[in-house]
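A.B. asks: My structure is stored as protein-v7.txt, with compact mmCIF, C-alpha atoms.
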```txt
# COMPACT_ATOMS: atom_id res chain seq x y z
CA MET A 285 -19.62 14.83 32.77
CA ASN A 286 -16.08 15.04 34.09
CA MET A 287 -14.79 18.42 32.93
CA THR A 288 -12.79 21.04 34.75
CA ALA A 289 -13.68 24.71 34.64
CA GLN A 290 -10.73 25.50 32.41
CA HIS A 291 -12.20 23.28 29.70
CA THR A 292 -15.68 24.80 29.61
CA TRP A 293 -14.84 26.00 26.10
CA VAL A 294 -15.37 22.40 24.99
CA GLU A 295 -19.15 22.67 25.33
CA GLU A 296 -19.13 25.86 23.30
CA ALA A 297 -16.96 24.20 20.66
CA TRP A 298 -19.26 21.18 20.53
CA THR A 299 -22.36 23.33 20.16
CA LYS A 300 -20.85 25.38 17.34
CA ALA A 301 -19.71 22.25 15.49
CA LEU A 302 -23.17 20.74 15.88
CA GLU A 303 -24.98 23.86 14.70
CA LYS A 304 -22.74 24.25 11.66
CA THR A 305 -23.06 20.58 10.73
CA VAL A 306 -26.86 20.66 10.97
CA ILE A 307 -26.86 23.58 8.54
CA ASN A 308 -24.39 21.79 6.24
CA SER A 309 -26.48 18.62 6.28
CA ARG A 310 -29.37 20.46 4.65
CA SER A 311 -27.27 21.23 1.57
CA ILE A 312 -24.79 18.32 1.50
CA GLY A 313 -27.32 15.62 2.35
CA SER A 314 -26.18 12.06 1.65
CA GLU A 315 -23.28 13.10 -0.57
CA PHE A 316 -19.61 12.56 0.29
CA PRO A 317 -17.74 15.83 0.95
CA HIS A 318 -13.95 15.82 0.82
CA ALA A 319 -12.20 19.21 0.69
CA SER A 320 -13.66 22.71 0.83
CA HIS A 321 -12.81 25.17 -1.94
CA GLY A 322 -14.28 28.64 -2.00
CA GLY A 323 -16.31 27.88 1.07
CA LYS A 324 -18.07 24.80 -0.33
CA TYR A 325 -17.14 21.17 0.10
CA ASP A 326 -16.45 19.39 -3.16
CA LEU A 327 -18.23 16.07 -3.41
CA ALA A 328 -16.28 12.87 -4.00
CA ALA A 329 -17.50 9.63 -5.54
CA PRO A 330 -18.83 7.03 -3.08
CA HIS A 331 -15.79 4.82 -3.65
CA TRP A 332 -13.33 7.50 -2.50
CA TRP A 333 -11.50 6.73 0.74
CA THR A 334 -13.00 9.70 2.57
CA ALA A 335 -16.63 8.59 2.10
CA GLY A 336 -17.05 7.49 5.71
CA PHE A 337 -16.05 10.70 7.45
CA TRP A 338 -19.16 12.79 6.77
CA PRO A 339 -21.62 10.11 7.95
CA GLY A 340 -19.22 9.25 10.78
CA MET A 341 -19.33 12.85 11.98
CA LEU A 342 -23.12 12.85 11.72
CA TRP A 343 -23.31 9.69 13.85
CA GLN A 344 -20.91 11.16 16.43
CA LEU A 345 -22.92 14.37 16.75
CA TYR A 346 -26.19 12.42 16.83
CA ALA A 347 -24.87 10.16 19.59
CA GLY A 348 -23.78 13.22 21.57
CA GLY A 349 -27.24 14.72 21.59
CA GLY A 350 -27.86 15.77 17.99
CA ASP A 351 -31.25 15.50 16.35
CA GLU A 352 -32.76 12.71 14.29
CA SER A 353 -32.10 14.50 10.99
CA LEU A 354 -28.38 13.74 11.34
CA LYS A 355 -29.08 10.05 11.85
CA ALA A 356 -31.32 9.97 8.78
CA VAL A 357 -28.62 11.43 6.52
CA ALA A 358 -25.98 9.06 7.95
CA VAL A 359 -28.20 6.06 7.18
CA GLU A 360 -28.71 7.29 3.61
CA CYS A 361 -24.94 7.62 3.15
CA GLU A 362 -24.44 4.06 4.37
CA GLN A 363 -27.04 2.76 1.95
CA ARG A 364 -25.40 4.60 -0.94
CA LEU A 365 -22.15 2.81 -0.18
CA ASP A 366 -23.79 -0.52 -1.06
CA GLU A 367 -22.98 0.17 -4.70
CA VAL A 368 -19.27 0.25 -3.79
CA LEU A 369 -19.38 -2.76 -1.46
CA ASP A 370 -21.32 -4.92 -3.88
CA GLY A 371 -19.53 -3.57 -6.95
CA TYR A 372 -16.23 -4.86 -5.48
CA LEU A 373 -13.86 -3.46 -8.13
CA ARG A 374 -13.25 -0.11 -6.41
CA LEU A 375 -12.50 -1.59 -2.98
CA ASP A 376 -9.01 -1.24 -1.53
CA HIS A 377 -7.37 -1.09 1.92
CA ASP A 378 -9.56 1.78 3.21
CA LEU A 379 -12.57 -0.40 3.95
CA GLY A 380 -12.14 0.45 7.61
CA PHE A 381 -12.34 4.19 7.12
CA MET A 382 -15.49 3.67 5.08
CA TRP A 383 -17.46 1.01 6.96
CA ILE A 384 -16.34 1.56 10.55
CA LEU A 385 -17.77 5.06 10.41
CA THR A 386 -20.97 3.99 8.67
CA SER A 387 -22.02 0.40 9.28
CA VAL A 388 -20.15 -0.34 12.52
CA ALA A 389 -21.36 3.01 13.85
CA ASN A 390 -24.95 2.22 12.90
CA PHE A 391 -24.74 -1.26 14.40
CA LYS A 392 -23.28 0.04 17.68
CA LEU A 393 -25.91 2.76 18.00
CA THR A 394 -29.04 1.02 16.70
CA GLY A 395 -28.27 -2.71 16.56
CA SER A 396 -29.05 -2.81 12.83
CA GLU A 397 -28.41 -6.33 11.53
CA ASP A 398 -28.16 -5.03 7.95
CA SER A 399 -25.32 -2.76 9.07
CA ARG A 400 -23.57 -5.62 10.86
CA ILE A 401 -23.68 -7.69 7.67
CA ARG A 402 -22.31 -4.82 5.60
CA ALA A 403 -19.42 -4.36 8.01
CA LEU A 404 -18.66 -8.09 8.02
CA LYS A 405 -18.58 -8.13 4.22
CA ALA A 406 -16.12 -5.23 4.31
CA ALA A 407 -14.00 -7.02 6.92
CA ASN A 408 -13.81 -10.12 4.73
CA TYR A 409 -12.67 -8.08 1.75
CA LEU A 410 -10.07 -6.34 3.91
CA ALA A 411 -8.78 -9.63 5.33
CA ALA A 412 -8.45 -10.95 1.78
CA ARG A 413 -5.86 -8.24 1.06
CA PHE A 414 -3.42 -9.79 3.55
CA ASN A 415 -0.09 -10.82 2.06
CA LEU A 416 1.11 -13.84 4.04
CA LYS A 417 4.76 -13.56 2.96
CA GLY A 418 5.22 -9.94 4.02
CA ARG A 419 2.54 -9.99 6.75
CA TYR A 420 0.87 -6.78 5.61
CA ILE A 421 -2.44 -5.56 4.24
CA ARG A 422 -1.86 -4.46 0.68
CA ALA A 423 -2.56 -0.79 -0.05
CA TRP A 424 -4.28 0.52 -3.16
CA ASN A 425 -4.94 -1.24 -6.47
CA PRO A 426 -3.44 -0.78 -9.95
CA TRP A 427 -5.69 2.17 -10.85
CA ARG A 428 -3.47 3.12 -13.81
CA GLU A 429 -2.43 0.85 -16.67
CA GLY A 430 0.85 -0.88 -15.97
CA GLU A 431 0.87 0.06 -12.28
CA ASP A 432 1.95 -2.61 -9.80
CA ASN A 433 1.42 -1.85 -6.11
CA SER A 434 0.91 -5.42 -4.94
CA GLY A 435 3.87 -5.00 -2.57
CA VAL A 436 2.83 -1.68 -1.02
CA ALA A 437 1.79 -1.11 2.60
CA ILE A 438 1.09 2.29 4.16
CA ILE A 439 0.92 3.73 7.67
CA ASP A 440 -2.68 4.92 7.17
CA CYS A 441 -3.84 1.31 7.29
CA CYS A 442 -3.22 1.18 11.05
CA MET A 443 -6.66 2.73 11.39
CA ASN A 444 -8.36 0.15 9.18
CA MET A 445 -7.29 -2.70 11.45
CA SER A 446 -10.10 -1.82 13.85
CA LEU A 447 -12.55 -3.29 11.34
CA LEU A 448 -10.79 -6.65 11.63
CA PHE A 449 -10.62 -6.49 15.43
CA TRP A 450 -14.33 -5.66 15.49
CA ALA A 451 -15.13 -8.56 13.15
CA SER A 452 -13.38 -11.01 15.49
CA GLU A 453 -15.20 -9.59 18.50
CA THR A 454 -18.64 -9.69 16.88
CA THR A 455 -18.28 -13.16 15.30
CA GLY A 456 -16.01 -14.91 17.78
CA ASP A 457 -13.71 -15.87 14.88
CA PRO A 458 -10.06 -15.10 15.75
CA ARG A 459 -8.79 -15.13 12.16
CA TYR A 460 -9.55 -11.45 11.58
CA ARG A 461 -7.67 -10.53 14.73
CA HIS A 462 -4.68 -12.65 13.72
CA ILE A 463 -4.40 -10.75 10.45
CA ALA A 464 -4.71 -7.38 12.18
CA GLU A 465 -2.02 -8.30 14.71
CA ALA A 466 0.30 -9.52 11.97
CA HIS A 467 -0.09 -6.25 10.07
CA MET A 468 0.50 -4.18 13.20
CA ASP A 469 3.60 -6.20 14.04
CA THR A 470 4.89 -5.36 10.57
CA VAL A 471 4.26 -1.69 11.36
CA LEU A 472 6.37 -2.06 14.50
CA GLU A 473 9.17 -3.74 12.59
CA HIS A 474 9.37 -1.67 9.45
CA PHE A 475 7.53 1.66 9.72
CA ILE A 476 8.66 3.27 12.97
CA ARG A 477 12.09 4.90 13.12
CA PRO A 478 14.10 4.92 16.36
CA ASP A 479 13.14 8.55 17.04
CA GLY A 480 9.40 7.80 16.80
CA SER A 481 8.82 9.26 13.34
CA VAL A 482 7.30 6.99 10.71
CA TYR A 483 7.51 6.15 7.04
CA HIS A 484 4.38 6.60 4.98
CA ILE A 485 5.09 3.75 2.53
CA VAL A 486 7.03 0.50 2.78
CA ASP A 487 7.48 -1.55 -0.38
CA PHE A 488 7.77 -5.32 -0.16
CA ASN A 489 8.54 -7.99 -2.68
CA PRO A 490 5.02 -9.48 -2.75
CA HIS A 491 6.37 -12.95 -3.54
CA THR A 492 9.05 -13.21 -0.84
CA GLY A 493 8.02 -10.57 1.73
CA GLU A 494 11.42 -8.87 1.58
CA VAL A 495 11.42 -5.11 2.17
CA THR A 496 12.65 -3.39 -0.98
CA GLU A 497 12.21 0.32 -0.19
CA LYS A 498 10.90 2.75 2.42
CA ARG A 499 9.36 6.02 1.21
CA GLY A 500 8.09 9.33 2.47
CA GLY A 501 4.98 9.11 0.29
CA GLN A 502 2.82 12.12 1.06
CA GLY A 503 5.61 13.57 3.17
CA TYR A 504 8.22 16.08 2.05
CA ALA A 505 11.05 13.58 1.50
CA PRO A 506 11.86 9.89 2.07
CA GLU A 507 13.29 10.54 5.54
CA SER A 508 10.99 13.38 6.56
CA ALA A 509 8.12 13.14 9.02
CA TRP A 510 4.65 13.57 7.53
CA SER A 511 2.51 14.71 10.44
CA ARG A 512 -0.74 13.04 9.43
CA GLY A 513 1.09 9.75 8.98
CA THR A 514 2.46 10.24 12.48
CA ALA A 515 -1.10 10.81 13.72
CA TRP A 516 -2.34 7.66 11.96
CA ALA A 517 0.36 5.72 13.80
CA ILE A 518 -0.42 7.18 17.23
CA TYR A 519 -4.10 6.43 16.95
CA GLY A 520 -3.76 3.08 15.17
CA LEU A 521 -1.26 1.75 17.70
CA ALA A 522 -3.38 2.92 20.64
CA LEU A 523 -6.34 1.13 19.06
CA ALA A 524 -4.30 -2.03 18.58
CA TYR A 525 -3.44 -1.95 22.28
CA HIS A 526 -7.10 -1.35 23.13
CA HIS A 527 -8.14 -4.45 21.19
CA THR A 528 -5.30 -6.77 22.22
CA GLY A 529 -3.77 -5.58 25.48
CA TYR A 530 -0.31 -6.17 24.00
CA GLU A 531 2.09 -3.70 25.53
CA ARG A 532 4.32 -3.60 22.48
CA TYR A 533 1.62 -1.57 20.74
CA LEU A 534 1.19 0.72 23.73
CA HIS A 535 4.91 1.45 23.98
CA ALA A 536 5.10 2.17 20.26
CA ALA A 537 2.10 4.51 20.49
CA GLN A 538 3.86 6.41 23.26
CA GLN A 539 7.09 6.56 21.27
CA VAL A 540 5.35 8.07 18.25
CA ALA A 541 3.19 10.39 20.37
CA ASN A 542 6.26 11.69 22.18
CA PHE A 543 7.86 12.51 18.83
CA PHE A 544 4.70 14.31 17.70
CA ILE A 545 4.34 16.36 20.88
CA THR A 546 7.94 17.54 20.97
CA ARG A 547 7.73 18.79 17.36
CA LEU A 548 4.61 20.92 17.80
CA PRO A 549 4.95 24.67 17.17
CA GLU A 550 3.97 27.38 19.62
CA ASP A 551 0.24 27.20 18.84
CA HIS A 552 0.25 23.37 19.14
CA VAL A 553 -1.14 22.72 15.64
CA PRO A 554 1.33 20.70 13.55
CA HIS A 555 2.99 21.64 10.32
CA TRP A 556 2.10 19.18 7.56
CA ASP A 557 5.58 17.64 7.75
CA PHE A 558 7.79 18.06 10.80
CA ARG A 559 10.92 18.10 8.61
CA ALA A 560 9.75 20.03 5.55
CA ALA A 561 12.09 22.78 4.41
CA GLY A 562 11.62 26.33 3.20
CA VAL A 563 8.22 27.82 2.44
CA ALA A 564 6.68 24.35 2.26
CA GLY A 565 7.51 23.85 5.91
CA ASP A 566 5.23 26.71 6.96
CA LEU A 567 2.02 24.94 5.96
CA ARG A 568 -0.07 23.47 8.76
CA ASP A 569 -2.30 20.41 8.73
CA THR A 570 -5.23 20.74 11.07
CA SER A 571 -6.35 17.23 10.12
CA ALA A 572 -3.12 15.82 11.56
CA GLY A 573 -3.72 17.81 14.73
CA SER A 574 -7.30 16.66 15.23
CA CYS A 575 -6.51 13.00 14.49
CA ALA A 576 -3.52 13.02 16.84
CA ALA A 577 -5.59 14.70 19.56
CA SER A 578 -8.26 12.00 19.43
CA GLY A 579 -5.62 9.27 19.43
CA MET A 580 -3.76 10.83 22.36
CA LEU A 581 -6.96 11.11 24.38
CA LEU A 582 -7.41 7.36 23.91
CA LEU A 583 -3.76 6.82 24.80
CA ALA A 584 -4.10 8.96 27.94
CA GLY A 585 -6.60 6.44 29.29
CA GLN A 586 -4.26 3.52 28.69
CA VAL A 587 -1.11 4.61 30.52
CA THR A 588 -0.26 5.28 34.15
CA ALA A 589 -1.61 8.36 35.90
CA ALA A 590 1.87 9.86 35.90
CA GLU A 591 2.05 9.57 32.11
CA SER A 592 -1.57 10.28 31.29
CA HIS A 593 -1.39 14.03 31.78
CA VAL A 594 1.32 14.33 29.10
CA TYR A 595 -0.97 13.02 26.37
CA ARG A 596 -4.20 14.54 27.63
CA ASN A 597 -2.65 17.97 28.09
CA ALA A 598 -1.13 17.88 24.61
CA ALA A 599 -4.46 16.83 23.10
CA MET A 600 -6.33 19.57 24.94
CA LYS A 601 -3.87 22.24 23.81
CA ILE A 602 -4.24 21.08 20.21
CA LEU A 603 -8.04 21.09 20.41
CA GLU A 604 -8.27 24.47 22.08
CA SER A 605 -5.98 25.98 19.47
CA LEU A 606 -8.02 24.40 16.66
CA TYR A 607 -11.16 25.89 18.18
CA SER A 608 -9.74 29.34 18.85
CA ASN A 609 -7.35 29.84 15.94
CA TYR A 610 -8.50 27.61 13.06
CA GLY A 611 -12.28 27.35 13.38
CA THR A 612 -14.81 28.87 10.98
CA TRP A 613 -17.50 29.60 13.53
CA ASP A 614 -17.80 33.27 12.53
CA ASN A 615 -17.92 32.53 8.80
CA PRO A 616 -21.29 31.17 7.68
CA GLU A 617 -20.04 31.14 4.08
CA GLU A 618 -17.55 28.35 4.87
CA GLN A 619 -18.83 24.77 5.19
CA GLY A 620 -15.61 23.33 6.61
CA LEU A 621 -15.14 23.41 10.37
CA LEU A 622 -11.35 23.78 10.41
CA LEU A 623 -9.16 25.87 8.11
CA HIS A 624 -5.60 25.09 6.99
CA GLY A 625 -5.62 21.39 6.26
CA THR A 626 -3.03 19.91 3.90
CA GLY A 627 -4.27 17.01 1.78
CA ASN A 628 -1.44 15.80 -0.47
CA TYR A 629 1.38 18.30 -0.78
CA PRO A 630 3.63 16.32 -3.17
CA GLU A 631 0.75 16.07 -5.67
CA ASN A 632 -0.40 19.65 -4.99
CA GLY A 633 -3.78 18.33 -3.93
CA ASN A 634 -6.03 20.21 -1.49
CA ILE A 635 -3.44 22.50 0.02
CA ASP A 636 -4.44 24.86 2.85
CA VAL A 637 -8.14 23.99 2.83
CA PRO A 638 -10.69 22.42 5.21
CA LEU A 639 -10.72 18.61 4.99
CA ILE A 640 -13.62 16.40 5.99
CA TYR A 641 -11.41 13.98 7.93
CA GLY A 642 -9.96 16.89 9.89
CA ASP A 643 -13.49 17.95 10.78
CA PHE A 644 -14.46 14.40 11.76
CA PHE A 645 -11.52 13.82 14.10
CA TYR A 646 -12.03 17.26 15.65
CA VAL A 647 -15.64 16.39 16.50
CA GLU A 648 -14.63 12.92 17.68
CA ALA A 649 -11.92 14.34 19.93
CA LEU A 650 -14.40 16.77 21.46
CA ALA A 651 -16.72 13.82 22.05
CA ARG A 652 -13.89 12.04 23.87
CA VAL A 653 -13.39 15.03 26.16
CA ARG A 654 -17.16 15.13 26.77
CA GLU A 655 -17.16 11.35 27.37
CA ALA A 656 -19.93 11.15 24.79
CA GLY A 657 -19.22 7.90 22.98
CA PRO A 658 -19.46 5.29 21.67
CA PHE A 659 -16.33 5.51 19.52
CA TYR A 660 -16.64 3.32 16.50
CA TRP A 661 -12.99 2.27 16.18
CA GLU A 662 -13.24 0.62 19.60
```
Turn the structure described in the file into C-alpha cells.

C.D. replies:
Amino acid sequence: MNMTAQHTWVEEAWTKALEKTVINSRSIGSEFPHASHGGKYDLAAPHWWTAGFWPGMLWQLYAGGGDESLKAVAVECEQRLDEVLDGYLRLDHDLGFMWILTSVANFKLTGSEDSRIRALKAANYLAARFNLKGRYIRAWNPWREGEDNSGVAIIDCCMNMSLLFWASETTGDPRYRHIAEAHMDTVLEHFIRPDGSVYHIVDFNPHTGEVTEKRGGQGYAPESAWSRGTAWAIYGLALAYHHTGYERYLHAAQQVANFFITRLPEDHVPHWDFRAAGVAGDLRDTSAGSCAASGMLLLAGQVTAAESHVYRNAAMKILESLYSNYGTWDNPEEQGLLLHGTGNYPENGNIDVPLIYGDFFYVEALARVREAGPFYWE
C-alpha cells in the first residue's frame, strides 16, 4: 500500500467506517437508507435515485477487506431492485447511480452473469432516454399531472454515463459509448461556465434541440454555484476521460476542479453553494466534499506529475477534515457517517443531516487512497 506517514489516519478512518457500517447493516439490512434524522436513516422506496449508495458502500467495504455479511446484504439489495427494473414505469435518468453500484459492482467482484444482465437492461433503458436533437439524456419523468420535463438535462447525469461506457466495453457495441460521448459533449457546450462553475439544469426544446433556459436548480440562484453539482461535474468529466481518452473532458474536469478548490473554506469542506448569500450561505454539504474528493483522486492520476499534487492534496485535505471535524465515530446513536450534508435546500429537503451518498463517496475516496478497488464507475 502506497501511503505516507502523514496519511496514516486513513487506516483509522477506514476501520471506523467499516465498524460503523457493519453495525448499521444489522438494523438497516437490505433496505435503502437516504437521510438520517434523529440519528436514524430514513428508508426510501427502491425506485428512489439513492437506492444504489447503501449497497455500493457495502460492496466497497467488502472489497477492501470487509466480511461476507456485507456482501450478502448488498446482493439482497440488488435483488430487491428487480421490481424497479422490471416494473419500468419508475425508471428515469439515474439508472447509473442505481445499477453501477449494485449490478456492475457485483459483476466486477464476483462475475455474476445475472448481475451483468441486470446492468445491461439498465443501460438499454438509459440509452433509450437519449434525445437525438439536443444530444442529451433526458432527466426525470412527468411525476406530477401536467408536468413536462422532456427537454430537461441535469449535471448529475454525468455520473450515469459510466453505465453506458461500461455497456460498450462489456458487449463490444459502440452505440452506448456514442450516446455517452454525445451527452458529455453537450455538458461541455452548455453546462460549464467560463469560470468553471456549472449549471444544474439546462432546458432544451425537445423537438428542435434548441437551448431555452439555464437554471440553478438545487442551487441558491440561477447563476450561483451549487457545490454538489460542481462535484458531479468534476467526477463525471474525469470518468469520461478515463473511458475515452479525449482530452477535452480532462481539461474540463481540471477547469471545474480548479473552481471548486479555490472556493473551499478554511476547513476544506464546501458550503452547499459557493455563491449562496446570508445565513443560507453558511450551510455545508459534506456530500459535495466527499464526491469531489473521490473525483479529484481519480483526476490526480490522469494529469502530469506537476499537476497531480494539486488535486490529490485538495482531496486529502477534504477527507481529513471530514474525518476529523464531521465524522460521527464517537456517537453510536447516529447511523450516518458524516454530519452536515445538504440535500435540497430550495425545497427545504434534508438540510444539515447525514446523507447516504455523502457516506458512500467518503468510503469510496478512502478506498482510492488505500488503492483498494475496484471502482465500479471505471

A.B. asks: Pull the closest atom pair for each residue of region 322-353 of chain A that gets at most 12 Å from region 292-299 of chain A, along with the distance in Å to one decimal, counting only C-alpha atoms, ordering rows by chain and then ascending residue number, as JSON lines.

C.D. replies:
```
{"residue": "A:Met341", "atom": "CA", "partner": "A:Trp298", "partner_atom": "CA", "distance": 11.9}
{"residue": "A:Gln344", "atom": "CA", "partner": "A:Trp298", "partner_atom": "CA", "distance": 11.0}
{"residue": "A:Leu345", "atom": "CA", "partner": "A:Trp298", "partner_atom": "CA", "distance": 8.6}
{"residue": "A:Tyr346", "atom": "CA", "partner": "A:Trp298", "partner_atom": "CA", "distance": 11.8}
{"residue": "A:Gly348", "atom": "CA", "partner": "A:Trp298", "partner_atom": "CA", "distance": 9.2}
{"residue": "A:Gly349", "atom": "CA", "partner": "A:Thr299", "partner_atom": "CA", "distance": 10.0}
{"residue": "A:Gly350", "atom": "CA", "partner": "A:Thr299", "partner_atom": "CA", "distance": 9.6}
```

A.B. asks: Need the shell around region 509-521 of chain A: protein/DNA/RNA residues with any atom at most 9 Å away, counting all atoms listed in the file. Skip same-chain ones fewer than 3 positions apart. Format as a PyMOL selection string?

C.D. replies: chain A and resi 438-446+468+471+476+480-484+500-506+524-526+533-541+543-544+554-560+569+571-580+582-583

A.B. asks: Output C-alpha atoms for every residue in the selection just made, as a CSV table (one decimal), keeping the file's coordinate frame.

C.D. replies:
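The file below, part-v8.csv, is the result:
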```
chain,number,residue,atom,x,y,z
A,438,ILE,CA,1.1,2.3,4.2
A,439,ILE,CA,0.9,3.7,7.7
A,440,ASP,CA,-2.7,4.9,7.2
A,441,CYS,CA,-3.8,1.3,7.3
A,442,CYS,CA,-3.2,1.2,11.0
A,443,MET,CA,-6.7,2.7,11.4
A,444,ASN,CA,-8.4,0.2,9.2
A,445,MET,CA,-7.3,-2.7,11.4
A,446,SER,CA,-10.1,-1.8,13.8
A,468,MET,CA,0.5,-4.2,13.2
A,471,VAL,CA,4.3,-1.7,11.4
A,476,ILE,CA,8.7,3.3,13.0
A,480,GLY,CA,9.4,7.8,16.8
A,481,SER,CA,8.8,9.3,13.3
A,482,VAL,CA,7.3,7.0,10.7
A,483,TYR,CA,7.5,6.2,7.0
A,484,HIS,CA,4.4,6.6,5.0
A,500,GLY,CA,8.1,9.3,2.5
A,501,GLY,CA,5.0,9.1,0.3
A,502,GLN,CA,2.8,12.1,1.1
A,503,GLY,CA,5.6,13.6,3.2
A,504,TYR,CA,8.2,16.1,2.0
A,505,ALA,CA,11.0,13.6,1.5
A,506,PRO,CA,11.9,9.9,2.1
A,524,ALA,CA,-4.3,-2.0,18.6
A,525,TYR,CA,-3.4,-2.0,22.3
A,526,HIS,CA,-7.1,-1.4,23.1
A,533,TYR,CA,1.6,-1.6,20.7
A,534,LEU,CA,1.2,0.7,23.7
A,535,HIS,CA,4.9,1.4,24.0
A,536,ALA,CA,5.1,2.2,20.3
A,537,ALA,CA,2.1,4.5,20.5
A,538,GLN,CA,3.9,6.4,23.3
A,539,GLN,CA,7.1,6.6,21.3
A,540,VAL,CA,5.4,8.1,18.2
A,541,ALA,CA,3.2,10.4,20.4
A,543,PHE,CA,7.9,12.5,18.8
A,544,PHE,CA,4.7,14.3,17.7
A,554,PRO,CA,1.3,20.7,13.6
A,555,HIS,CA,3.0,21.6,10.3
A,556,TRP,CA,2.1,19.2,7.6
A,557,ASP,CA,5.6,17.6,7.8
A,558,PHE,CA,7.8,18.1,10.8
A,559,ARG,CA,10.9,18.1,8.6
A,560,ALA,CA,9.8,20.0,5.6
A,569,ASP,CA,-2.3,20.4,8.7
A,571,SER,CA,-6.4,17.2,10.1
A,572,ALA,CA,-3.1,15.8,11.6
A,573,GLY,CA,-3.7,17.8,14.7
A,574,SER,CA,-7.3,16.7,15.2
A,575,CYS,CA,-6.5,13.0,14.5
A,576,ALA,CA,-3.5,13.0,16.8
A,577,ALA,CA,-5.6,14.7,19.6
A,578,SER,CA,-8.3,12.0,19.4
A,579,GLY,CA,-5.6,9.3,19.4
A,580,MET,CA,-3.8,10.8,22.4
A,582,LEU,CA,-7.4,7.4,23.9
A,583,LEU,CA,-3.8,6.8,24.8
```

A.B. asks: Which of these residues is nearest to Leu567 (chain A), using all atoms listed in the file: A:Gly529, A:Gly625, A:Gly620, A:Pro458?

C.D. replies: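 So, comparing all the options, the nearest one is A:Gly625.
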
A.B. asks: Skipping near chain neighbours, those fewer than 3 positions away, what residues fall within 10 Å of region 391-406 of chain A using all atoms listed in the file, listed as a ChimeraX atom specification?

C.D. replies: /A:343-344,346-347,359,362-363,365-366,369-370,372,375,377-380,382-388,409-412,447-448,450-452,454-455,657-660

A.B. asks: CA of Val495 (chain A) to CA of Asp479 (chain A): how many Å, to one decimal?

C.D. replies: 20.3 Å

A.B. asks: Can you check which parts of region 511-622 of chain A lie within 12 Å of region 315-320 of chain A? Per residue, the shortest pair of atoms and distance in Å to one decimal, counting only C-alpha atoms, sorted by chain and number, as CSV.

C.D. replies:
```
residue,atom,partner,partner_atom,distance
A:Ser571,CA,A:Ala319,CA,11.3
A:Thr612,CA,A:Ser320,CA,11.9
A:Glu617,CA,A:Ser320,CA,11.1
A:Glu618,CA,A:Ser320,CA,8.0
A:Gln619,CA,A:Ser320,CA,7.1
A:Gly620,CA,A:Ser320,CA,6.1
A:Leu621,CA,A:Ser320,CA,9.7
A:Leu622,CA,A:Ser320,CA,9.9
```

A.B. asks: Would you mind telling me which residue in A:Val553, A:Ala356, A:Ala329, A:Leu342 lies nearest to Arg374 (chain A) when using all atoms listed in the file?

C.D. replies: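 Nearest candidate to Arg374 (chain A) out of A:Val553, A:Ala356, A:Ala329, A:Leu342: A:Ala329.
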
A.B. asks: Under the rule that only C-alpha atoms are counted, which of A:Ser605, A:Ser434, A:Thr570, A:Asn415 is the nearest residue to Phe645 (chain A)?

C.D. replies: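 Residue with the minimum atom-to-atom distance to Phe645 (chain A): A:Thr570.
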
A.B. asks: Find the residues near Glu494 (chain A): any atom within 12 Å, counting all atoms listed in the file, skip ones fewer than 3 places away on the same chain, and give them as a list in words.

C.D. replies: Asn415, Leu416, Lys417, Gly418, Arg419, Tyr420, Gly435, Val436, Thr470, His474, Val486, Asp487, Phe488, Asn489, Pro490, His491, Glu497 and Lys498 of chain A

A.B. asks: Work out how far apart CA of Lys601 (chain A) and CA of His552 (chain A) are and give it in Å to one decimal.

C.D. replies: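 Computing the Euclidean distance for CA of Lys601 (chain A) and CA of His552 (chain A) yields 6.3 Å.
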
A.B. asks: Select, from A:Phe381, A:Tyr610, A:Tyr325, A:Tyr530, the residue with the minimum atom-to-atom distance to Gly340 (chain A), counting all atoms listed in the file.

C.D. replies: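 For Gly340 (chain A), the nearest of the candidates is A:Phe381.
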
A.B. asks: Quick check, in Å to one decimal: how far apart do CA of Leu373 (chain A) and CA of Leu354 (chain A) lie?

C.D. replies: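 So the answer is 29.8 Å.
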
A.B. asks: For region 642-661 of chain A, I'd like the enclosing box, axis-aligned and padded by 5 Å on every side, reported as AutoDock Vina command-line options with centre and edge lengths in Å to one decimal.

C.D. replies:
```
--center_x -14.9 --center_y 10.1 --center_z 18.6 --size_x 20.0 --size_y 25.7 --size_z 27.5
```

A.B. asks: Nearest to Ala584 (chain A) among A:Asn597, A:Asn542, A:Asn425, A:Asn634, with distances taken over all atoms listed in the file: which residue is it?

C.D. replies: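 The shortest atom-to-atom distance to Ala584 (chain A) comes from A:Asn597.
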
A.B. asks: What's the 8 Å shell around Phe644 (chain A), counting all atoms listed in the file, without same-chain residues fewer than 2 positions away, as a JSON list (two decimals) with C-alpha atoms, in the frame of the given file?

C.D. replies:
```
[["chain", "number", "residue", "atom", "x", "y", "z"],
["A", 337, "PHE", "CA", -16.05, 10.70, 7.45],
["A", 338, "TRP", "CA", -19.16, 12.79, 6.77],
["A", 340, "GLY", "CA", -19.22, 9.25, 10.78],
["A", 341, "MET", "CA", -19.33, 12.85, 11.98],
["A", 640, "ILE", "CA", -13.62, 16.40, 5.99],
["A", 641, "TYR", "CA", -11.41, 13.98, 7.93],
["A", 642, "GLY", "CA", -9.96, 16.89, 9.89],
["A", 646, "TYR", "CA", -12.03, 17.26, 15.65],
["A", 647, "VAL", "CA", -15.64, 16.39, 16.50],
["A", 648, "GLU", "CA", -14.63, 12.92, 17.68]]
```
